[in-house]
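Have a look at start.cif below; it lists mmCIF, C-alpha atoms.
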```
data_coords
loop_
_atom_site.group_PDB
_atom_site.id
_atom_site.type_symbol
_atom_site.label_atom_id
_atom_site.label_comp_id
_atom_site.auth_asym_id
_atom_site.auth_seq_id
_atom_site.Cartn_x
_atom_site.Cartn_y
_atom_site.Cartn_z
ATOM 1 C CA MET A 1 3.195 8.821 15.290
ATOM 2 C CA SER A 2 1.824 6.511 17.980
ATOM 3 C CA ASP A 3 -0.032 3.308 17.172
ATOM 4 C CA ALA A 4 -3.271 4.686 18.575
ATOM 5 C CA ARG A 5 -2.949 7.800 16.443
ATOM 6 C CA ARG A 6 -2.204 5.685 13.383
ATOM 7 C CA ARG A 7 -5.272 3.535 14.081
ATOM 8 C CA GLU A 8 -7.404 6.649 14.359
ATOM 9 C CA LYS A 9 -6.121 7.901 11.011
ATOM 10 C CA GLN A 10 -6.774 4.555 9.350
ATOM 11 C CA GLU A 11 -10.257 4.588 10.790
ATOM 12 C CA LEU A 12 -10.872 8.040 9.325
ATOM 13 C CA HIS A 13 -9.649 6.884 5.895
ATOM 14 C CA ALA A 14 -11.958 3.871 6.103
ATOM 15 C CA PHE A 15 -14.796 6.140 7.270
ATOM 16 C CA GLN A 16 -14.220 8.432 4.296
ATOM 17 C CA ASP A 17 -14.318 5.452 1.927
ATOM 18 C CA GLY A 18 -17.480 4.039 3.509
ATOM 19 C CA GLU A 19 -15.687 0.811 4.431
ATOM 20 C CA LEU A 20 -16.628 0.645 8.109
ATOM 21 C CA PRO A 21 -19.417 -1.553 9.430
ATOM 22 C CA PHE A 22 -22.362 0.171 11.068
ATOM 23 C CA TRP A 23 -21.116 -0.060 14.641
ATOM 24 C CA ARG A 24 -17.606 1.311 13.942
ATOM 25 C CA ARG A 25 -19.043 3.956 11.644
ATOM 26 C CA TRP A 26 -21.284 5.102 14.451
ATOM 27 C CA ARG A 27 -18.326 5.219 16.837
ATOM 28 C CA VAL A 28 -16.245 7.302 14.428
ATOM 29 C CA ALA A 29 -19.175 9.626 13.815
ATOM 30 C CA ARG A 30 -19.498 10.085 17.579
ATOM 31 C CA ARG A 31 -15.778 10.857 17.872
ATOM 32 C CA LEU A 32 -16.017 13.311 14.999
ATOM 33 C CA ALA A 33 -18.891 15.088 16.719
ATOM 34 C CA ARG A 34 -16.757 15.931 19.742
ATOM 35 C CA ASP A 35 -13.189 16.021 18.376
ATOM 36 C CA ALA A 36 -12.282 19.091 16.344
ATOM 37 C CA GLY A 37 -8.889 17.583 15.436
ATOM 38 C CA ALA A 38 -10.553 14.527 13.925
ATOM 39 C CA GLN A 39 -12.919 16.798 12.003
ATOM 40 C CA ARG A 40 -9.981 18.711 10.546
ATOM 41 C CA GLU A 41 -8.237 15.444 9.689
ATOM 42 C CA LEU A 42 -11.297 14.111 7.889
ATOM 43 C CA ALA A 43 -11.731 17.385 6.024
ATOM 44 C CA SER A 44 -8.087 17.220 4.942
ATOM 45 C CA ILE A 45 -8.505 13.655 3.662
ATOM 46 C CA ALA A 46 -11.647 14.587 1.768
ATOM 47 C CA GLU A 47 -9.971 17.682 0.319
ATOM 48 C CA LEU A 48 -6.933 15.737 -0.893
ATOM 49 C CA ARG A 49 -9.105 13.065 -2.488
ATOM 50 C CA ALA A 50 -11.233 15.695 -4.197
ATOM 51 C CA LEU A 51 -8.124 17.453 -5.477
ATOM 52 C CA LEU A 52 -6.664 14.266 -6.894
ATOM 53 C CA ARG A 53 -9.983 13.314 -8.493
ATOM 54 C CA GLU A 54 -10.287 16.772 -9.974
ATOM 55 C CA GLN A 55 -6.798 16.615 -11.444
ATOM 56 C CA ALA A 56 -7.378 13.133 -12.781
ATOM 57 C CA ALA A 57 -10.581 14.246 -14.463
ATOM 58 C CA ALA A 58 -8.974 17.306 -16.042
ATOM 59 C CA LEU A 59 -8.475 17.068 -19.756
ATOM 60 C CA PRO A 60 -4.851 16.852 -20.911
ATOM 61 C CA GLY A 61 -3.463 20.155 -22.089
ATOM 62 C CA PRO A 62 -2.961 20.915 -25.740
ATOM 63 C CA ASP A 63 0.098 19.436 -27.423
ATOM 64 C CA LEU A 64 2.525 22.357 -27.490
ATOM 65 C CA TRP A 65 5.391 20.524 -29.117
ATOM 66 C CA GLU A 66 4.731 21.714 -32.664
ATOM 67 C CA SER A 67 4.686 25.375 -31.640
ATOM 68 C CA VAL A 68 7.821 24.917 -29.541
ATOM 69 C CA ARG A 69 9.627 23.165 -32.370
ATOM 70 C CA ALA A 70 8.769 25.974 -34.764
ATOM 71 C CA GLN A 71 10.592 28.441 -32.480
ATOM 72 C CA LEU A 72 13.704 26.325 -32.014
ATOM 73 C CA PRO A 73 16.831 27.571 -33.815
ATOM 74 C CA THR A 74 17.481 25.486 -36.855
ATOM 75 C CA ALA A 75 21.060 24.555 -36.090
ATOM 76 C CA ALA A 76 22.709 22.159 -38.461
ATOM 77 C CA ARG A 77 23.011 18.644 -37.109
ATOM 78 C CA PRO A 78 26.553 17.517 -36.334
ATOM 79 C CA PRO A 79 27.934 15.166 -38.956
ATOM 80 C CA PRO A 80 27.595 11.498 -38.113
ATOM 81 C CA LEU A 81 30.615 9.840 -36.566
ATOM 82 C CA ASP A 82 32.882 7.839 -38.814
ATOM 83 C CA ALA A 83 32.158 4.189 -39.162
ATOM 84 C CA ASP A 84 35.599 3.456 -37.622
ATOM 85 C CA ASP A 85 34.634 5.080 -34.348
ATOM 86 C CA THR A 86 33.974 2.702 -31.571
ATOM 87 C CA LEU A 87 30.891 4.569 -30.377
ATOM 88 C CA PRO A 88 27.851 4.225 -32.546
ATOM 89 C CA ALA A 89 26.003 7.352 -33.618
ATOM 90 C CA ARG A 90 23.094 6.532 -31.285
ATOM 91 C CA ALA A 91 25.248 6.032 -28.209
ATOM 92 C CA PRO A 92 23.582 8.728 -26.077
ATOM 93 C CA TRP A 93 20.240 6.979 -26.446
ATOM 94 C CA LEU A 94 20.508 3.684 -24.727
ATOM 95 C CA PRO A 95 18.310 1.072 -26.359
ATOM 96 C CA ALA A 96 15.451 -0.246 -24.271
ATOM 97 C CA TRP A 97 16.993 -3.671 -23.861
ATOM 98 C CA VAL A 98 19.977 -2.209 -22.028
ATOM 99 C CA GLY A 99 17.672 -0.791 -19.381
ATOM 100 C CA ALA A 100 15.896 -4.097 -19.129
ATOM 101 C CA ALA A 101 19.222 -5.924 -18.833
ATOM 102 C CA ILE A 102 20.385 -3.574 -16.048
ATOM 103 C CA ALA A 103 17.104 -4.126 -14.276
ATOM 104 C CA ALA A 104 17.351 -7.892 -14.613
ATOM 105 C CA ALA A 105 20.958 -7.829 -13.427
ATOM 106 C CA SER A 106 20.141 -5.731 -10.371
ATOM 107 C CA VAL A 107 17.230 -7.978 -9.409
ATOM 108 C CA ALA A 108 19.328 -11.100 -9.965
ATOM 109 C CA GLY A 109 22.144 -9.555 -7.926
ATOM 110 C CA VAL A 110 19.884 -8.868 -4.985
ATOM 111 C CA MET A 111 18.476 -12.378 -5.140
ATOM 112 C CA ALA A 112 21.916 -13.934 -5.440
ATOM 113 C CA SER A 113 23.205 -12.004 -2.437
ATOM 114 C CA GLY A 114 20.337 -13.503 -0.436
ATOM 115 C CA MET A 115 21.063 -17.020 -1.676
ATOM 116 C CA LEU A 116 24.818 -16.862 -1.087
ATOM 117 C CA SER A 117 24.494 -15.860 2.530
ATOM 118 C CA GLY A 118 24.751 -19.481 3.695
ATOM 119 C CA ASP A 119 22.658 -20.697 6.595
ATOM 120 C CA ALA A 120 21.972 -17.235 7.924
ATOM 121 C CA ALA A 121 18.410 -16.059 7.445
ATOM 122 C CA PRO A 122 18.252 -13.901 4.325
ATOM 123 C CA VAL A 123 17.875 -10.232 5.094
ATOM 124 C CA GLY A 124 16.361 -9.210 1.787
ATOM 125 C CA SER A 125 12.641 -9.516 1.198
ATOM 126 C CA LEU A 126 12.635 -9.790 -2.570
ATOM 127 C CA ARG A 127 12.062 -13.305 -3.908
ATOM 128 C CA TRP A 128 11.185 -12.518 -7.516
ATOM 129 C CA LEU A 129 10.013 -9.506 -9.439
ATOM 130 C CA ASP A 130 8.476 -8.919 -12.837
ATOM 131 C CA SER A 131 8.308 -5.291 -13.884
ATOM 132 C CA LYS A 132 6.623 -6.177 -17.174
ATOM 133 C CA GLY A 133 9.561 -5.060 -19.291
ATOM 134 C CA LYS A 134 10.071 -1.748 -17.557
ATOM 135 C CA PRO A 135 13.405 -0.818 -15.993
ATOM 136 C CA VAL A 136 13.351 -1.312 -12.243
ATOM 137 C CA ILE A 137 15.756 -0.366 -9.467
ATOM 138 C CA VAL A 138 16.013 -2.050 -6.106
ATOM 139 C CA LEU A 139 17.001 1.001 -4.096
ATOM 140 C CA GLN A 140 17.174 -0.809 -0.780
ATOM 141 C CA ASP A 141 16.536 -4.301 0.534
ATOM 142 C CA ASP A 142 17.898 -4.690 4.045
ATOM 143 C CA ARG A 143 16.587 -5.052 7.578
ATOM 144 C CA ASP A 144 14.913 -1.652 7.595
ATOM 145 C CA ALA A 145 12.942 -1.645 4.367
ATOM 146 C CA THR A 146 12.601 -2.861 0.829
ATOM 147 C CA ILE A 147 12.349 -0.012 -1.654
ATOM 148 C CA ILE A 148 11.693 -0.779 -5.307
ATOM 149 C CA TRP A 149 11.234 1.838 -7.966
ATOM 150 C CA VAL A 150 9.804 1.063 -11.386
ATOM 151 C CA LEU A 151 10.868 3.607 -13.978
ATOM 152 C CA GLN A 152 7.820 4.545 -15.953
ATOM 153 C CA LYS A 153 7.070 7.373 -18.299
ATOM 154 C CA PRO A 154 3.766 9.173 -18.020
ATOM 155 C CA GLU A 155 1.330 7.736 -20.529
ATOM 156 C CA GLN A 156 0.557 11.108 -22.014
ATOM 157 C CA VAL A 157 3.694 11.533 -24.108
ATOM 158 C CA SER A 158 2.991 13.736 -27.063
ATOM 159 C CA ALA A 159 3.509 12.323 -30.533
ATOM 160 C CA GLY A 160 5.793 15.257 -31.376
ATOM 161 C CA ALA A 161 8.092 14.531 -28.479
ATOM 162 C CA ARG A 162 8.170 10.849 -29.392
ATOM 163 C CA ASP A 163 9.149 11.732 -32.958
ATOM 164 C CA ALA A 164 11.906 14.020 -31.734
ATOM 165 C CA VAL A 165 13.426 11.260 -29.600
ATOM 166 C CA ALA A 166 13.139 8.712 -32.398
ATOM 167 C CA MET B 1 -45.478 -20.166 58.818
ATOM 168 C CA GLN B 2 -46.066 -18.427 55.569
ATOM 169 C CA TRP B 3 -43.266 -17.417 53.134
ATOM 170 C CA PRO B 4 -43.236 -13.768 52.319
ATOM 171 C CA ARG B 5 -44.023 -13.222 48.630
ATOM 172 C CA ARG B 6 -40.748 -11.373 47.992
ATOM 173 C CA ALA B 7 -38.628 -14.153 49.497
ATOM 174 C CA GLY B 8 -40.337 -16.656 47.210
ATOM 175 C CA ARG B 9 -39.618 -14.538 44.179
ATOM 176 C CA ASP B 10 -35.923 -14.190 45.118
ATOM 177 C CA LEU B 11 -35.654 -17.919 45.651
ATOM 178 C CA GLY B 12 -37.155 -18.554 42.213
ATOM 179 C CA LEU B 13 -34.752 -16.154 40.653
ATOM 180 C CA ALA B 14 -31.753 -17.773 42.335
ATOM 181 C CA LEU B 15 -32.955 -21.207 41.249
ATOM 182 C CA ALA B 16 -33.243 -20.007 37.647
ATOM 183 C CA VAL B 17 -29.697 -18.638 37.753
ATOM 184 C CA VAL B 18 -28.313 -21.908 39.169
ATOM 185 C CA LEU B 19 -30.158 -23.973 36.563
ATOM 186 C CA SER B 20 -28.997 -21.872 33.644
ATOM 187 C CA ALA B 21 -25.388 -22.016 34.912
ATOM 188 C CA ALA B 22 -25.632 -25.800 35.191
ATOM 189 C CA ALA B 23 -27.040 -26.004 31.678
ATOM 190 C CA ALA B 24 -24.171 -23.876 30.354
ATOM 191 C CA GLY B 25 -21.637 -26.110 32.115
ATOM 192 C CA ALA B 26 -23.213 -29.247 30.675
ATOM 193 C CA GLN B 27 -23.126 -27.679 27.226
ATOM 194 C CA ALA B 28 -19.399 -27.051 27.597
ATOM 195 C CA LEU B 29 -18.795 -30.729 28.356
ATOM 196 C CA VAL B 30 -20.487 -31.910 25.174
ATOM 197 C CA PRO B 31 -17.867 -32.520 22.457
ATOM 198 C CA PRO B 32 -18.291 -29.988 19.674
ATOM 199 C CA GLU B 33 -18.450 -32.659 17.004
ATOM 200 C CA PRO B 34 -19.504 -36.284 17.109
ATOM 201 C CA GLY B 35 -16.712 -38.785 17.491
ATOM 202 C CA GLY B 36 -14.838 -36.668 20.020
ATOM 203 C CA PHE B 37 -12.999 -34.571 17.448
ATOM 204 C CA THR B 38 -12.470 -30.963 18.286
ATOM 205 C CA ALA B 39 -13.696 -28.316 15.892
ATOM 206 C CA LYS B 40 -11.274 -27.291 13.126
ATOM 207 C CA PRO B 41 -9.381 -24.211 14.271
ATOM 208 C CA ARG B 42 -10.175 -21.042 12.415
ATOM 209 C CA ALA B 43 -7.629 -19.953 9.813
ATOM 210 C CA PRO B 44 -5.678 -17.098 11.394
ATOM 211 C CA ARG B 45 -6.068 -13.711 9.828
ATOM 212 C CA LEU B 46 -2.914 -11.790 9.083
ATOM 213 C CA ILE B 47 -2.953 -8.064 9.589
ATOM 214 C CA PHE B 48 -1.498 -5.812 6.904
ATOM 215 C CA GLU B 49 -1.238 -2.085 6.605
ATOM 216 C CA VAL B 50 -1.384 -0.523 3.173
ATOM 217 C CA THR B 51 -0.404 3.119 2.791
ATOM 218 C CA VAL B 52 -0.634 5.003 -0.493
ATOM 219 C CA LEU B 53 1.476 8.131 -0.808
ATOM 220 C CA HIS B 54 1.710 10.788 -3.494
ATOM 221 C CA ALA B 55 5.262 12.044 -3.959
ATOM 222 C CA SER B 56 5.198 15.285 -5.864
ATOM 223 C CA PRO B 57 7.746 17.838 -7.074
ATOM 224 C CA SER B 58 5.371 20.602 -6.000
ATOM 225 C CA PRO B 59 6.074 22.080 -2.592
ATOM 226 C CA GLY B 60 3.709 21.039 0.165
ATOM 227 C CA GLY B 61 5.664 19.382 2.932
ATOM 228 C CA VAL B 62 5.388 15.952 4.399
ATOM 229 C CA ASP B 63 2.225 14.639 6.045
ATOM 230 C CA PRO B 64 2.712 13.497 9.660
ATOM 231 C CA GLY B 65 1.563 10.026 8.598
ATOM 232 C CA ALA B 66 4.289 9.895 5.959
ATOM 233 C CA GLU B 67 7.221 11.037 8.099
ATOM 234 C CA ARG B 68 8.448 7.499 8.760
ATOM 235 C CA PHE B 69 8.537 6.769 5.031
ATOM 236 C CA ASP B 70 10.043 10.167 4.268
ATOM 237 C CA ARG B 71 13.040 9.208 6.408
ATOM 238 C CA LEU B 72 13.494 6.098 4.255
ATOM 239 C CA LEU B 73 12.897 7.760 0.900
ATOM 240 C CA ARG B 74 14.322 11.260 1.093
ATOM 241 C CA ASP B 75 17.907 10.231 0.308
ATOM 242 C CA THR B 76 17.081 8.180 -2.760
ATOM 243 C CA VAL B 77 13.972 9.689 -4.313
ATOM 244 C CA ARG B 78 13.514 13.305 -5.280
ATOM 245 C CA TYR B 79 10.264 14.999 -4.237
ATOM 246 C CA GLU B 80 9.104 18.178 -2.541
ATOM 247 C CA SER B 81 5.941 16.909 -0.915
ATOM 248 C CA LEU B 82 4.802 13.561 0.378
ATOM 249 C CA ARG B 83 1.149 13.184 1.193
ATOM 250 C CA VAL B 84 -0.882 10.268 2.492
ATOM 251 C CA VAL B 85 -3.612 9.460 -0.007
ATOM 252 C CA LYS B 86 -4.819 6.315 1.733
ATOM 253 C CA ALA B 87 -3.982 4.372 4.866
ATOM 254 C CA LYS B 88 -5.757 1.062 5.252
ATOM 255 C CA GLN B 89 -5.644 -1.910 7.530
ATOM 256 C CA ARG B 90 -6.599 -5.262 6.081
ATOM 257 C CA LYS B 91 -7.119 -8.608 7.813
ATOM 258 C CA VAL B 92 -6.410 -11.354 5.323
ATOM 259 C CA LYS B 93 -6.347 -15.135 5.529
ATOM 260 C CA LEU B 94 -3.581 -17.160 3.917
ATOM 261 C CA ASN B 95 -4.105 -17.454 0.151
ATOM 262 C CA GLU B 96 -6.876 -14.896 0.243
ATOM 263 C CA ILE B 97 -6.538 -12.089 -2.306
ATOM 264 C CA GLU B 98 -6.984 -8.627 -0.895
ATOM 265 C CA LYS B 99 -7.056 -5.433 -2.886
ATOM 266 C CA VAL B 100 -6.827 -1.724 -2.323
ATOM 267 C CA GLU B 101 -8.045 0.702 -4.938
ATOM 268 C CA LEU B 102 -5.534 3.329 -5.969
ATOM 269 C CA PRO B 103 -6.358 6.880 -7.076
ATOM 270 C CA THR B 104 -5.515 5.821 -10.629
ATOM 271 C CA GLY B 105 -8.508 3.477 -10.532
ATOM 272 C CA GLN B 106 -6.244 0.432 -10.626
ATOM 273 C CA ASN B 107 -6.094 -2.090 -7.858
ATOM 274 C CA PHE B 108 -3.111 -2.988 -5.764
ATOM 275 C CA ARG B 109 -3.568 -6.664 -4.965
ATOM 276 C CA PHE B 110 -1.731 -8.904 -2.565
ATOM 277 C CA ARG B 111 -2.029 -12.448 -1.299
ATOM 278 C CA PRO B 112 -0.228 -13.915 1.704
ATOM 279 C CA ILE B 113 1.128 -17.310 0.667
ATOM 280 C CA ASP B 114 2.941 -18.439 3.775
ATOM 281 C CA ALA B 115 3.501 -17.191 7.301
ATOM 282 C CA GLY B 116 6.335 -18.221 9.576
ATOM 283 C CA GLU B 117 8.917 -16.967 12.015
ATOM 284 C CA ARG B 118 10.761 -15.099 9.279
ATOM 285 C CA GLY B 119 7.677 -13.183 8.285
ATOM 286 C CA VAL B 120 4.919 -13.445 5.760
ATOM 287 C CA LEU B 121 5.562 -14.450 2.176
ATOM 288 C CA VAL B 122 3.335 -12.202 0.106
ATOM 289 C CA SER B 123 2.573 -12.181 -3.575
ATOM 290 C CA VAL B 124 1.995 -8.663 -4.853
ATOM 291 C CA ASP B 125 0.403 -7.494 -8.089
ATOM 292 C CA TRP B 126 0.360 -3.808 -8.937
ATOM 293 C CA ARG B 127 -1.283 -3.731 -12.315
ATOM 294 C CA LYS B 128 0.665 -2.132 -15.158
ATOM 295 C CA THR B 129 3.641 -1.617 -12.839
ATOM 296 C CA ALA B 130 5.088 -4.739 -11.264
ATOM 297 C CA ARG B 131 4.390 -7.991 -9.537
ATOM 298 C CA GLY B 132 6.494 -10.248 -7.372
ATOM 299 C CA ASP B 133 6.911 -12.238 -4.187
ATOM 300 C CA PHE B 134 8.356 -10.791 -1.007
ATOM 301 C CA ARG B 135 9.098 -12.142 2.462
ATOM 302 C CA LEU B 136 7.986 -9.451 4.862
ATOM 303 C CA PRO B 137 9.144 -9.628 8.469
ATOM 304 C CA ARG B 138 6.847 -7.921 10.956
ATOM 305 C CA GLY B 139 7.076 -4.145 10.692
ATOM 306 C CA LYS B 140 9.436 -4.051 7.711
ATOM 307 C CA PRO B 141 7.823 -2.009 4.967
ATOM 308 C CA LEU B 142 7.789 -2.966 1.319
ATOM 309 C CA ILE B 143 7.854 0.315 -0.592
ATOM 310 C CA LEU B 144 6.928 0.212 -4.270
ATOM 311 C CA GLY B 145 7.027 3.401 -6.257
ATOM 312 C CA GLY B 146 7.301 4.873 -9.661
ATOM 313 C CA GLN B 147 3.836 4.882 -11.167
ATOM 314 C CA PRO B 148 3.342 8.367 -12.618
ATOM 315 C CA TYR B 149 0.357 10.150 -11.207
ATOM 316 C CA GLU B 150 -0.506 13.794 -11.747
ATOM 317 C CA ASP B 151 2.697 15.792 -11.414
ATOM 318 C CA GLY B 152 4.387 13.154 -9.287
ATOM 319 C CA GLN B 153 4.396 9.470 -8.533
ATOM 320 C CA LEU B 154 2.411 7.046 -6.467
ATOM 321 C CA VAL B 155 4.095 5.066 -3.730
ATOM 322 C CA VAL B 156 2.432 1.988 -2.255
ATOM 323 C CA ILE B 157 3.651 0.636 1.064
ATOM 324 C CA LEU B 158 2.751 -2.791 2.380
ATOM 325 C CA GLU B 159 3.552 -3.847 5.926
ATOM 326 C CA ALA B 160 2.744 -7.027 7.821
ATOM 327 C CA GLU B 161 1.913 -6.683 11.516
#
```
Would you mind writing the file's structure down as structure tokens?
Amino acid sequence: MSDARRREKQELHAFQDGELPFWRRWRVARRLARDAGAQRELASIAELRALLREQAAALPGPDLWESVRAQLPTAARPPPLDADDTLPARAPWLPAWVGAAIAAASVAGVMASGMLSGDAAPVGSLRWLDSKGKPVIVLQDDRDATIIWVLQKPEQVSAGARDAVA
Amino acid sequence: MQWPRRAGRDLGLALAVVLSAAAAGAQALVPPEPGGFTAKPRAPRLIFEVTVLHASPSPGGVDPGAERFDRLLRDTVRYESLRVVKAKQRKVKLNEIEKVELPTGQNFRFRPIDAGERGVLVSVDWRKTARGDFRLPRGKPLILGGQPYEDGQLVVILEAE
């Protein structure tokens, strides 16, 4: 997408949000009056915003966990592993601090790689990061881009599901 | 000999133009501040682009405005559609806090701390998700993702121009 095209799109987003000063607003309105493509673009922006607002406003669905659990086969739980076994019984469920430690290690690793590069200008952009206790992955930090993903659960986790995990 | 009225009017007009030009020139010679100091230069404004994307597992394709980011993300993040929710340009002074409202109602805030040849050092605060400092060379995007939103996730991209 060309720079001019990108500017036009940004202007339409700003127009939709009512962020433009009078003069630029007038100019965009004039362009909209004669440019069918711009009209379609603006309609698409407005439609997407409306859709997202609508979904955000929708009430959360009923908690179906109890009815699902009632239909699950009642298979006997496997016996707990012997105390001599090296793996603890809760091995499949990594405790939260392990995730945090991995996150801290990955962030520290990225930062260290930047610091150990000698006199050369560091390639990575990340200086420090606080993910507020949540696991975080630095997917990429090179000349092209810095991509950081914070692993978060949706806030609407049902109580039933939480109980099942715990 | 009598001057024609029109010639007199033209002469008056020319005289007015010459006088106003002279006045403008004299004004330019006056130092802007007493004591001969020049006026303090204006703090430069840094230009940033903020793009907010919605990555969703529902089919829907990739918006043309998101194609560049799709090329960066498609190998590492799983989604079926990538749509541009917002694309903003912001002109910000050093140490000025700028914010962009996200569809979640939260603000994505950033503050340029330092600007140099290696790019702009920016402090970023995405509430409830993460905060940090990043050195952004011109045109290199900082892509932050992971905040759950609807059936997918929000992705915020910050670029310095």
Output as a compact mmCIF listing (two decimals) with C-alpha atoms, in the coordinates of the input the set of chain B residues within 6 Å of chain A, with distances taken over all atoms listed in the file.
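This went into selection33.txt:
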```
# COMPACT_ATOMS: atom_id res chain seq x y z
CA ALA B 87 -3.98 4.37 4.87
CA LYS B 88 -5.76 1.06 5.25
CA ALA B 130 5.09 -4.74 -11.26
CA ARG B 131 4.39 -7.99 -9.54
CA GLY B 132 6.49 -10.25 -7.37
CA ASP B 133 6.91 -12.24 -4.19
CA PHE B 134 8.36 -10.79 -1.01
CA ARG B 135 9.10 -12.14 2.46
CA LEU B 136 7.99 -9.45 4.86
CA LYS B 140 9.44 -4.05 7.71
CA PRO B 141 7.82 -2.01 4.97
CA LEU B 142 7.79 -2.97 1.32
CA ILE B 143 7.85 0.32 -0.59
CA LEU B 144 6.93 0.21 -4.27
CA GLY B 145 7.03 3.40 -6.26
CA GLY B 146 7.30 4.87 -9.66
CA PRO B 148 3.34 8.37 -12.62
```
### Query
CA of Glu150 (chain B) and CA of Ala50 (chain A), how far apart in Å?
13.3 Å
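The coordinates place CA of Leu51 (chain A) at 21.5 Å from CA of Ile157 (chain B).
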### Non-local contacts of region 104-117 of chain B (8 Å; all atoms listed in the file; under 4 positions in same chain excluded) as a count of residues only
18
### Message
So the first atom is CA of Ile47 (chain B) and the second is CA of Asp3 (chain A); what is the distance between them in Å, to one decimal place?
### Response
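A separation of 14.0 Å between them.
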